[in-house]
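Okay, upload10.txt now, which holds compact mmCIF, C-alpha atoms:
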```
# COMPACT_ATOMS: atom_id res chain seq x y z
CA MET A 27 -96.80 -50.34 50.71
CA VAL A 28 -95.43 -50.44 47.18
CA THR A 29 -96.11 -47.27 45.22
CA LEU A 30 -95.97 -46.43 41.54
CA GLY A 31 -92.72 -44.56 42.24
CA ASN A 32 -91.03 -47.76 43.46
CA TYR A 33 -91.73 -49.49 40.16
CA LEU A 34 -90.63 -46.46 38.17
CA VAL A 35 -87.34 -46.20 40.07
CA VAL A 36 -86.65 -49.93 39.60
CA SER A 37 -87.42 -49.56 35.90
CA GLY A 38 -85.14 -46.52 35.71
CA LEU A 39 -82.34 -48.44 37.42
CA LEU A 40 -82.68 -51.29 34.91
CA PHE A 41 -82.62 -48.78 32.06
CA THR A 42 -79.50 -47.15 33.52
CA ILE A 43 -77.78 -50.54 33.81
CA GLY A 44 -78.51 -51.18 30.13
CA PHE A 45 -77.40 -47.68 29.19
CA ALA A 46 -74.13 -48.11 31.10
CA GLY A 47 -73.62 -51.45 29.37
CA VAL A 48 -73.98 -49.87 25.93
CA MET A 49 -71.51 -47.15 26.81
CA LEU A 50 -68.91 -49.16 28.75
CA ARG A 51 -68.71 -52.58 27.13
CA ARG A 52 -66.85 -53.10 23.87
CA ASN A 53 -68.13 -56.57 23.00
CA ILE A 54 -70.91 -56.18 20.45
CA ILE A 55 -72.95 -59.11 21.85
CA ILE A 56 -72.94 -57.62 25.36
CA ILE A 57 -74.01 -54.29 23.85
CA PHE A 58 -76.90 -56.11 22.21
CA MET A 59 -77.96 -57.68 25.53
CA SER A 60 -77.85 -54.25 27.15
CA LEU A 61 -80.22 -52.98 24.45
CA GLU A 62 -82.63 -55.75 25.47
CA LEU A 63 -82.36 -54.62 29.09
CA MET A 64 -83.34 -51.09 28.09
CA LEU A 65 -86.35 -52.26 26.07
CA ASN A 66 -87.55 -54.32 29.02
CA ALA A 67 -87.13 -51.45 31.45
CA ALA A 68 -89.50 -49.45 29.25
CA ASN A 69 -91.92 -52.40 29.31
CA LEU A 70 -91.85 -52.47 33.12
CA SER A 71 -92.82 -48.83 33.44
CA LEU A 72 -95.57 -49.28 30.80
CA VAL A 73 -97.08 -52.18 32.76
CA ALA A 74 -96.79 -50.23 36.02
CA PHE A 75 -98.74 -47.33 34.51
CA SER A 76 -101.25 -49.81 33.07
CA ARG A 77 -101.88 -51.18 36.58
CA PHE A 78 -102.01 -47.65 38.02
CA ARG A 79 -104.68 -46.34 35.63
CA VAL A 80 -107.51 -48.57 36.76
CA GLN A 81 -110.55 -48.14 34.51
CA PRO A 82 -114.05 -47.49 35.93
CA ASP A 83 -114.90 -51.20 35.56
CA GLY A 84 -112.05 -52.10 37.92
CA LEU A 85 -109.68 -53.48 35.28
CA PRO A 86 -106.20 -52.21 34.43
CA ASN A 87 -105.70 -50.14 31.28
CA TYR A 88 -105.01 -52.85 28.72
CA HIS A 89 -103.88 -50.48 25.95
CA ALA A 90 -100.47 -50.29 27.62
CA GLN A 91 -100.24 -54.07 27.76
CA VAL A 92 -101.04 -54.33 24.04
CA PHE A 93 -98.21 -51.83 23.49
CA VAL A 94 -95.89 -54.04 25.55
CA PHE A 95 -96.91 -57.00 23.37
CA PHE A 96 -95.90 -55.04 20.26
CA ILE A 97 -92.59 -54.03 21.84
CA VAL A 98 -91.80 -57.66 22.70
CA THR A 99 -92.56 -58.72 19.13
CA VAL A 100 -90.41 -56.00 17.58
CA ALA A 101 -87.60 -56.74 20.05
CA ALA A 102 -87.63 -60.42 19.10
CA ALA A 103 -87.46 -59.55 15.37
CA GLU A 104 -84.68 -57.09 16.14
CA VAL A 105 -82.66 -59.71 18.00
CA ALA A 106 -82.94 -62.12 15.08
CA VAL A 107 -81.83 -59.55 12.49
CA GLY A 108 -79.13 -58.08 14.73
CA LEU A 109 -77.57 -61.43 15.53
CA ALA A 110 -77.56 -62.32 11.82
CA ILE A 111 -75.72 -59.05 11.14
CA ILE A 112 -73.24 -59.87 13.92
CA VAL A 113 -72.59 -63.30 12.39
CA ALA A 114 -72.05 -61.72 8.95
CA LEU A 115 -69.72 -59.16 10.54
CA PHE A 116 -67.78 -61.87 12.35
CA ARG A 117 -67.32 -63.76 9.07
CA ALA A 118 -65.96 -60.70 7.34
CA ARG A 119 -63.76 -59.34 10.14
CA ARG A 120 -63.19 -62.20 12.64
CA THR A 121 -63.96 -59.94 15.59
CA THR A 122 -66.82 -58.86 17.85
CA HIS A 123 -64.89 -56.01 19.41
CA VAL A 124 -66.37 -52.66 18.38
CA GLU A 125 -63.03 -50.88 18.46
CA ASP A 126 -61.73 -53.19 15.71
CA ILE A 127 -64.60 -52.19 13.41
CA ASN A 128 -63.65 -48.67 12.44
CA SER A 129 -63.71 -48.39 8.66
CA LEU A 130 -66.41 -45.71 8.85
CA LYS A 131 -64.49 -43.72 11.44
CA PHE A 132 -63.65 -40.22 10.26
CA MET B 17 -99.14 -59.89 46.18
CA PRO B 18 -97.22 -59.21 49.42
CA PRO B 19 -94.81 -56.25 49.22
CA PHE B 20 -91.69 -58.21 50.15
CA LEU B 21 -92.02 -60.15 46.89
CA PHE B 22 -91.66 -56.86 45.03
CA TRP B 23 -88.31 -56.24 46.73
CA ILE B 24 -87.12 -59.81 46.16
CA PHE B 25 -87.96 -59.77 42.45
CA SER B 26 -86.52 -56.26 42.01
CA ALA B 27 -83.29 -57.28 43.72
CA LEU B 28 -83.10 -60.43 41.57
CA MET B 29 -83.67 -58.43 38.41
CA LEU B 30 -81.20 -55.65 39.23
CA VAL B 31 -78.42 -57.92 40.55
CA PHE B 32 -78.51 -60.14 37.48
CA GLY B 33 -79.00 -57.11 35.22
CA ALA B 34 -75.75 -55.75 36.62
CA GLY B 35 -74.27 -59.22 36.13
CA VAL B 36 -74.96 -58.93 32.39
CA ILE B 37 -72.64 -55.98 32.00
CA ILE B 38 -70.06 -56.98 34.65
CA ASN B 39 -69.32 -60.56 33.54
CA ARG B 40 -66.42 -60.91 31.12
CA SER B 41 -67.59 -64.18 29.61
CA PRO B 42 -70.48 -63.76 27.12
CA ILE B 43 -72.07 -67.05 28.22
CA ALA B 44 -72.24 -65.90 31.86
CA SER B 45 -73.77 -62.64 30.63
CA ALA B 46 -76.42 -64.48 28.62
CA LEU B 47 -77.34 -66.67 31.60
CA SER B 48 -77.55 -63.61 33.87
CA LEU B 49 -79.88 -62.09 31.29
CA VAL B 50 -82.21 -65.11 31.65
CA LEU B 51 -82.40 -64.70 35.43
CA CYS B 52 -82.88 -60.95 35.04
CA PHE B 53 -85.88 -61.59 32.78
CA VAL B 54 -87.30 -64.13 35.22
CA GLY B 55 -87.21 -61.45 37.93
CA LEU B 56 -88.81 -58.99 35.55
CA SER B 57 -91.55 -61.48 34.77
CA GLY B 58 -92.19 -61.81 38.53
CA LEU B 59 -92.63 -58.04 38.67
CA PHE B 60 -95.15 -58.25 35.80
CA LEU B 61 -97.08 -60.89 37.74
CA SER B 62 -97.05 -58.64 40.82
CA LEU B 63 -98.71 -55.96 38.66
CA ASN B 64 -101.52 -58.39 37.70
CA ALA B 65 -100.23 -58.54 34.10
CA TYR B 66 -100.27 -62.32 33.88
CA PHE B 67 -100.29 -62.56 30.09
CA ILE B 68 -97.30 -60.23 29.73
CA GLY B 69 -95.42 -62.12 32.44
CA ILE B 70 -95.88 -65.44 30.66
CA ILE B 71 -94.98 -63.90 27.28
CA GLN B 72 -91.82 -62.47 28.85
CA VAL B 73 -90.63 -65.91 29.96
CA LEU B 74 -91.66 -67.63 26.72
CA VAL B 75 -90.15 -65.11 24.34
CA TYR B 76 -87.05 -63.96 26.21
CA ALA B 77 -86.01 -66.86 28.42
CA GLY B 78 -87.11 -69.28 25.72
CA ALA B 79 -86.51 -67.95 22.24
CA VAL B 80 -84.18 -64.96 22.47
CA MET B 81 -81.82 -66.65 24.93
CA VAL B 82 -81.46 -69.75 22.76
CA LEU B 83 -80.61 -67.44 19.86
CA PHE B 84 -77.97 -65.60 21.91
CA LEU B 85 -76.40 -68.83 23.17
CA PHE B 86 -76.35 -70.33 19.66
CA ILE B 87 -74.63 -67.27 18.26
CA ILE B 88 -72.07 -67.27 21.09
CA MET B 89 -71.41 -70.95 20.35
CA LEU B 90 -71.26 -70.32 16.59
CA LEU B 91 -68.77 -67.49 16.97
CA ASP B 92 -66.67 -69.52 19.42
CA LEU B 93 -66.14 -66.59 21.76
CA ARG B 94 -63.94 -66.97 24.78
CA ALA B 95 -63.91 -64.61 27.73
CA GLU B 96 -62.39 -61.49 26.31
CA GLU B 97 -58.81 -60.94 27.32
CA ARG B 98 -58.09 -57.87 29.33
CA ARG B 99 -57.46 -54.99 27.02
CA GLN B 100 -56.07 -51.63 27.93
CA ILE B 101 -59.06 -49.78 29.41
CA ASN B 102 -59.44 -46.20 28.34
CA TYR B 103 -60.00 -44.73 31.79
CA VAL B 104 -61.21 -41.35 30.55
CA ALA B 105 -63.92 -43.01 28.41
CA PHE B 106 -64.80 -45.37 31.27
CA ALA B 107 -65.24 -42.53 33.78
CA GLY B 108 -67.17 -40.55 31.18
CA GLY B 109 -69.54 -43.46 30.58
CA ILE B 110 -70.17 -43.95 34.31
CA GLY B 111 -70.66 -40.20 34.71
CA VAL B 112 -73.24 -39.96 31.93
CA ALA B 113 -75.14 -42.99 33.30
CA VAL B 114 -75.20 -41.56 36.84
CA ALA B 115 -76.29 -38.14 35.56
CA PHE B 116 -79.05 -39.81 33.55
CA PHE B 117 -80.30 -41.72 36.60
CA ALA B 118 -80.20 -38.58 38.77
CA GLN B 119 -82.30 -36.76 36.21
CA LEU B 120 -84.74 -39.67 36.06
CA LEU B 121 -85.05 -39.65 39.88
CA HIS B 122 -85.78 -35.94 39.75
CA VAL B 123 -88.55 -36.44 37.19
CA ILE B 124 -90.09 -39.36 39.12
CA GLY B 125 -89.87 -37.39 42.37
CA SER B 126 -91.70 -34.43 40.87
CA LEU B 127 -94.47 -36.68 39.54
CA GLY B 128 -97.22 -36.42 42.15
CA ALA B 129 -98.78 -39.77 41.27
CA SER B 130 -95.57 -41.63 42.08
CA ARG B 131 -96.24 -41.44 45.83
CA ARG B 132 -99.69 -43.02 45.63
CA ALA B 133 -100.28 -46.73 46.04
CA PHE B 134 -101.93 -48.69 43.26
CA PRO B 135 -105.73 -48.49 43.30
CA ALA B 136 -107.60 -51.69 44.00
CA LEU B 137 -108.74 -53.86 41.13
CA ARG B 138 -112.19 -55.38 41.09
CA THR B 139 -112.55 -58.61 43.01
CA GLY B 140 -113.00 -61.86 41.15
CA ALA B 141 -111.28 -63.22 38.10
CA ILE B 142 -109.30 -60.84 35.88
CA ASP B 143 -109.37 -62.39 32.42
CA ASP B 144 -106.58 -60.33 30.97
CA VAL B 145 -105.83 -62.62 28.02
CA ARG B 146 -109.41 -62.13 26.82
CA ASN B 147 -109.23 -58.35 27.21
CA ILE B 148 -105.84 -58.04 25.53
CA GLY B 149 -107.05 -60.30 22.72
CA LEU B 150 -110.17 -58.20 22.18
CA LEU B 151 -108.08 -55.02 21.99
CA LEU B 152 -105.45 -56.64 19.78
CA PHE B 153 -107.89 -57.98 17.21
CA GLY B 154 -110.31 -55.06 17.48
CA ASN B 155 -108.73 -51.68 18.11
CA TYR B 156 -105.22 -52.65 17.08
CA ASN B 157 -106.02 -54.89 14.14
CA LEU B 158 -104.03 -52.92 11.56
CA PRO B 159 -100.87 -52.58 13.73
CA PHE B 160 -101.14 -56.30 14.48
CA GLN B 161 -101.11 -57.16 10.77
CA ILE B 162 -98.25 -54.74 10.14
CA ILE B 163 -96.30 -56.51 12.92
CA GLY B 164 -96.97 -59.75 11.09
CA VAL B 165 -95.45 -58.32 7.90
CA LEU B 166 -92.50 -57.03 9.95
CA VAL B 167 -91.80 -60.49 11.34
CA LEU B 168 -92.01 -61.96 7.82
CA VAL B 169 -89.57 -59.34 6.51
CA ALA B 170 -87.23 -60.06 9.43
CA THR B 171 -87.32 -63.78 8.68
CA ILE B 172 -86.48 -63.25 5.00
CA GLY B 173 -83.81 -60.72 5.92
CA VAL B 174 -82.14 -63.10 8.34
CA ILE B 175 -82.06 -65.85 5.72
CA ILE B 176 -80.52 -63.51 3.15
CA LEU B 177 -77.98 -62.17 5.65
CA SER B 178 -76.94 -65.67 6.66
CA LYS B 179 -76.21 -66.84 3.13
CA ARG B 180 -72.56 -67.14 2.54
CA GLU B 181 -72.36 -65.43 -0.81
CA LEU B 182 -74.37 -62.24 -1.22
CA ARG B 183 -75.21 -61.65 -4.85
```
Once you've parsed the file, please lay out its structure as structure tokens.
Amino acid sequence: MVTLGNYLVVSGLLFTIGFAGVMLRRNIIIIFMSLELMLNAANLSLVAFSRFRVQPDGLPNYHAQVFVFFIVTVAAAEVAVGLAIIVALFRARRTTHVEDINSLKF
Amino acid sequence: MPPFLFWIFSALMLVFGAGVIINRSPIASALSLVLCFVGLSGLFLSLNAYFIGIIQVLVYAGAVMVLFLFIIMLLDLRAEERRQINYVAFAGGIGVAVAFFAQLLHVIGSLGASRRAFPALRTGAIDDVRNIGLLLFGNYNLPFQIIGVLVLVATIGVIILSKRELR
């Protein structure tokens, strides 16, 4: 039997993988992919709760799924803008390594 | 959906999710990300969220991945050469991630609902596209239009950012 907790733990593991990627990797594109992993982990737990809160008419709670739709849209816009910024950064500095980009470092 | 499919899709998603951050070559990472999202979309289907599962494959495996691969090609990245790893920072990162996951497990364990199975849905067809559409264009009409403006602003912003000379 698969419980709500199973889905939440899987979603938490995916979030932790993304979190570890943001903290451990130094390549800015990999960091960006890890951000996507974290957004999708949040989506998984939202959909799990949507399926768990069955309404009186026997349907899942669709408000959560509308929220997931918005998150997917914003994430797609974010990827487009972020990758454009990375390309502009690469043109200016010829690197995608975050440790080489330190002009704001105190 | 039979329970073993949950474990198969979860394992697929987590293994390739780990592949994203373990691979040294950005292209291998991007391809792992595709398979990770396919597993995630299987999990959405197992939760009876068919519309979201399809959207996941269309948007991520279709659009976002092509964007990532194009940028990797455009930047001409090779597998990054081994740099000196800062072991203190590495151990610190692993430690914070493990502590975060332990805390998450504690919260999920103390949530009483997390031990219950999912309640049954009604029998018969579940027309979730219709229901999501009704909510989206009814209850969430204003946020939907704001999202439209956001996407327009993102498009214009990307074009301006990609111009060679900023004036």
Could you list, as a ChimeraX atom specification, the residues of chain A having an atom within 7 Å of chain B when counting only C-alpha atoms?
-> /A:27-31,35-36,38,40,42-43,45-47,49-50,56,74,77-78,80,84-85,88,92,102-103,106-107,110-111,114
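Here atom CA of Phe41 of chain A is placed at a distance of 5.3 Å from atom CA of Ala67 of chain A.
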Distance in Å - atom CA of Leu61 of chain A versus atom CA of Asp92 of chain B |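 These atoms are spaced 22.0 Å apart.
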Residues near segment 125-132 of chain A, cut-off 10 Å, only C-alpha atoms, skip fewer than 4 positions along chain, as a list in words |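 The filter keeps Arg52, Asn53, Ile54, Leu115, Arg119, Arg120 and Thr121 of chain A.
Going from atom CA of Ile70 of chain B over to atom CA of Pro82 of chain A, you cover 26.1 Å.
Considering the residues A:Gly44, A:Ile55, A:Gln91, A:Leu34 and counting all atoms listed in the file, Val73 of chain A has its shortest atom-to-atom contact with A:Gln91.
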